[in-house]
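Q: Sharing a structure below in structure tokens format, with a few things to ask.
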Amino acid sequence: MTATPDQMIDQPRLQGDKIVISVDAMGGDAGPGVVVSGMAESATKNPDIRFILHGPEEALRKLVARRRILAGRVSFRDVADVVTMDDKPSHVMRNGKSTSMWSTLEAVRKGEAHGAVSCGNTGALMALSMLCLRKLPGVSRPAIAVLWPSRNVQGFNVMLDVGADVRADAQDLLQYALMGASYARNGMNLKRPRIGLLNVGTEQHKGRAELKQAHALISRFADQANFDFVGFVEGRDIPGNVADVIVTDGFTGNVAVKTGEGTASLVSELLRESFRHSLLSRMASVLAITSLLRLKKRIDPSRVNGGVFLGLNGTVVKSHGGADATGVSSAIKLAFQLAQSGFSERLAARVASTASLTEDAQAAPDTADKKNQKNEGEQKA
């Protein structure tokens, strides 16, 4: 079988060299201390990683100096301004070039770093990413992809979009399917990912008009893009084993992610309450401690913290704003792995090779409409 464009780079990017991750120190809810702690965790596990840290240099140097593992592995970009969680993306696009978030992205654009990580305002980060890094040729709307714990062999499913854009028409959903397949193929080593389109039911007559159109488009181009399309899937299939990639619009995806995070937190709290209920319960918790720790690790959102911005000229990972050090470390690990695999280049090759597919997809509805109009005209005549 001929290799697909996003499988053509056999050797990891910069093999034998250090990989540099550009980190926004100022975006998280807990402040730069947690970000630096996350960097230290990541550096402890990975000797081949280096950092560029963006924010007020004097304060950041003091934090980094407390982490011996970071000695000689961090360079600084002194930036005073910060993008807050309350800033509107439109305002940030006009006034954000003096912020730590912009500086973080600019290091990727200039080739100083191989990926960027920020815990900051999602809308602002996407807006600045498109302004600084630009969209890949052929990409209409970038998407945010996340890993969701699942029953699949690989342990996780890819879901996109989860908040880059609340809207998505049929062509956008087709493009998400192409990018999601590329991410699963390279990030999870799935040679032929299974794609599912999120809907209110699995029957083909259900759902909005754009979902029905997207169903037809994705099905039409599945073989050419080297993935299997399983059709419509429901919310219960997001953590299931029916599909490897779940495609949806940003509004629905974001609601699903936040619901999942809240449910995982609720389950953890209810378990703690149950085991504290009586002396016998406490004794049972001691006996079940190994299983409970395994469960906690399995559903812990911080283990897979980090949404990848797909469709840009560079790798950008959005960490949760409330992430702890472990969450920040997970986001950095994800950026490192994608840089190491050359994912950005592979995705660019995939998008370029399928640009004609999306053009055909856009032309297909117009052709069908003209054909229907012609038939109606002939019937009237």
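We label chains A, B, ... in the order they appear in the structure tokens, count residues from 1 in each chain, and number ligands from 1 in the order shown.
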Residues near region 210-212 of chain A, anyone? I mean within 9 Å using only C-alpha atoms, not counting same-chain ones fewer than 2 positions away, as a short mmCIF file (atom, residue, chain, number, x, y, z; two decimals) with C-alpha atoms, in the first residue's frame.
A:
data_model
loop_
_atom_site.label_atom_id
_atom_site.label_comp_id
_atom_site.auth_asym_id
_atom_site.auth_seq_id
_atom_site.Cartn_x
_atom_site.Cartn_y
_atom_site.Cartn_z
CA ALA A 168 -19.18 24.11 11.75
CA ASP A 169 -20.79 23.38 8.39
CA ALA A 170 -20.54 20.13 6.45
CA GLN A 171 -17.20 21.01 4.82
CA LEU A 173 -16.77 18.68 9.69
CA LEU A 197 -19.81 11.87 13.53
CA LEU A 198 -21.55 12.96 16.74
CA ASN A 199 -25.33 13.22 16.46
CA GLN A 204 -29.25 8.50 9.06
CA HIS A 205 -32.53 10.46 9.02
CA LYS A 206 -31.76 12.13 12.38
CA GLY A 207 -29.93 15.39 13.00
CA ARG A 208 -29.49 18.81 11.46
CA ALA A 214 -21.28 15.91 6.45
CA HIS A 215 -22.22 12.23 6.75
CA ALA A 216 -22.36 11.95 2.97
CA LEU A 217 -19.11 13.87 2.44
CA PHE A 232 -23.27 8.69 13.26
#
Q: Looking only at alpha helix (DSSP H) from DSSP on the backbone, list the matching residues of region 65-290 of chain A as a PyMOL selection string.
A: chain A and resi 65+89-95+100-109+122-132+170-187+209-221+250-275+279-287+289-290
Q: Just to be explicit: take each residue in the selection above, keep C-alpha atoms, and write the result as a short mmCIF file (atom, residue, chain, number, x, y, z; two decimals), in the first residue's frame.
A:
data_model
loop_
_atom_site.label_atom_id
_atom_site.label_comp_id
_atom_site.auth_asym_id
_atom_site.auth_seq_id
_atom_site.Cartn_x
_atom_site.Cartn_y
_atom_site.Cartn_z
CA ALA A 65 16.21 28.83 40.46
CA PRO A 89 -10.33 37.64 21.59
CA SER A 90 -11.08 40.66 19.40
CA HIS A 91 -9.37 42.98 21.89
CA VAL A 92 -6.38 40.63 22.21
CA MET A 93 -5.96 40.47 18.44
CA ARG A 94 -5.66 44.26 18.34
CA ASN A 95 -3.54 44.75 21.45
CA SER A 100 3.49 36.62 27.10
CA MET A 101 1.00 34.61 25.01
CA TRP A 102 2.06 36.30 21.76
CA SER A 103 5.74 35.95 22.67
CA THR A 104 5.19 32.23 23.29
CA LEU A 105 3.70 31.74 19.82
CA GLU A 106 6.27 33.96 18.13
CA ALA A 107 9.07 31.67 19.31
CA VAL A 108 7.44 28.88 17.28
CA ARG A 109 6.93 31.13 14.25
CA THR A 122 -8.69 29.67 24.91
CA GLY A 123 -10.39 32.14 22.57
CA ALA A 124 -7.50 34.58 22.78
CA LEU A 125 -4.93 31.81 22.25
CA MET A 126 -6.70 30.59 19.12
CA ALA A 127 -7.08 34.14 17.79
CA LEU A 128 -3.39 34.96 18.35
CA SER A 129 -2.33 31.56 16.98
CA MET A 130 -4.14 32.21 13.72
CA LEU A 131 -2.69 35.74 13.57
CA CYS A 132 0.89 34.72 14.42
CA ALA A 170 -20.54 20.13 6.45
CA GLN A 171 -17.20 21.01 4.82
CA ASP A 172 -15.73 22.02 8.19
CA LEU A 173 -16.77 18.68 9.69
CA LEU A 174 -15.16 16.86 6.76
CA GLN A 175 -11.94 18.77 7.37
CA TYR A 176 -12.10 17.93 11.08
CA ALA A 177 -12.39 14.27 10.12
CA LEU A 178 -9.28 14.53 7.93
CA MET A 179 -7.25 16.32 10.61
CA GLY A 180 -8.52 14.04 13.38
CA ALA A 181 -7.56 10.98 11.38
CA SER A 182 -4.06 12.40 10.88
CA TYR A 183 -3.73 13.11 14.62
CA ALA A 184 -4.87 9.58 15.54
CA ARG A 185 -2.59 8.04 12.92
CA ASN A 186 0.52 9.86 14.12
CA GLY A 187 -0.21 10.52 17.78
CA ALA A 209 -29.12 19.28 7.71
CA GLU A 210 -25.37 20.04 7.94
CA LEU A 211 -24.80 16.77 9.82
CA LYS A 212 -26.55 14.79 7.10
CA GLN A 213 -24.47 16.55 4.46
CA ALA A 214 -21.28 15.91 6.45
CA HIS A 215 -22.22 12.23 6.75
CA ALA A 216 -22.36 11.95 2.97
CA LEU A 217 -19.11 13.87 2.44
CA ILE A 218 -17.06 11.99 5.03
CA SER A 219 -18.35 8.67 3.75
CA ARG A 220 -17.45 9.63 0.18
CA PHE A 221 -13.83 10.48 0.93
CA GLY A 250 -16.95 23.34 18.88
CA PHE A 251 -20.08 24.20 20.87
CA THR A 252 -21.17 20.59 21.32
CA GLY A 253 -17.62 19.36 21.87
CA ASN A 254 -16.89 21.94 24.56
CA VAL A 255 -20.09 21.12 26.44
CA ALA A 256 -19.21 17.41 26.28
CA VAL A 257 -15.68 17.97 27.60
CA LYS A 258 -16.83 20.15 30.50
CA THR A 259 -19.57 17.62 31.32
CA GLY A 260 -17.03 14.80 31.32
CA GLU A 261 -14.67 16.70 33.61
CA GLY A 262 -17.50 17.48 36.01
CA THR A 263 -18.70 13.88 36.03
CA ALA A 264 -15.20 12.55 36.75
CA SER A 265 -14.88 15.00 39.65
CA LEU A 266 -18.31 14.01 41.00
CA VAL A 267 -17.49 10.28 40.87
CA SER A 268 -14.27 10.90 42.81
CA GLU A 269 -16.09 12.92 45.49
CA LEU A 270 -18.88 10.34 45.85
CA LEU A 271 -16.35 7.54 46.23
CA ARG A 272 -14.53 9.46 48.97
CA GLU A 273 -17.80 10.13 50.77
CA SER A 274 -18.81 6.47 50.52
CA PHE A 275 -15.53 5.19 51.96
CA LEU A 279 -15.47 2.36 60.10
CA LEU A 280 -16.16 -0.69 57.95
CA SER A 281 -16.12 1.52 54.84
CA ARG A 282 -12.74 2.95 55.84
CA MET A 283 -11.36 -0.55 56.30
CA ALA A 284 -12.71 -1.52 52.90
CA SER A 285 -11.02 1.50 51.31
CA VAL A 286 -7.66 0.34 52.69
CA LEU A 287 -8.14 -3.08 51.12
CA ILE A 289 -6.53 1.18 47.74
CA THR A 290 -4.66 -0.33 44.77
#
Q: Would you compute the distance between CA of Phe309 (chain A) and CA of Val139 (chain A)? Give it in Å to one decimal.
A: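 Rounded to one decimal, the two atoms are 12.2 Å apart.
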Q: For Thr202 (chain A), which residue among A:Arg276, A:Lys97, A:Arg236, A:Lys110 is the nearest when counting only C-alpha atoms?
A: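 Result for the nearest residue to Thr202 (chain A): A:Arg236.
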Q: Rounded to one decimal, what separation in Å do you get between CA of Ser150 (chain A) and CA of Val162 (chain A)?
A: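 These atoms are spaced 16.7 Å apart.
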Q: Calculated over only C-alpha atoms, which of the candidates A:Met26, A:Leu160, A:Leu293, A:Ala59 has the smallest distance to Asp244 (chain A)?
A: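 Using only C-alpha atoms, Asp244 (chain A) sits closest to A:Leu160.
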Q: Fewer than 3 positions away in the same chain doesn't count, so skip those; otherwise give me all residues within 10 Å of Leu136 (chain A), counting only C-alpha atoms, as a list in words.
A: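 Within the cut-off, the hits are Met130, Leu133, Val139, Ser140, Arg141, Pro142, Leu310, Gly311, Leu312, Asn313, Gly314, Ser344, Leu347, Ala348, Ala349, Val351 and Ala352 of chain A.
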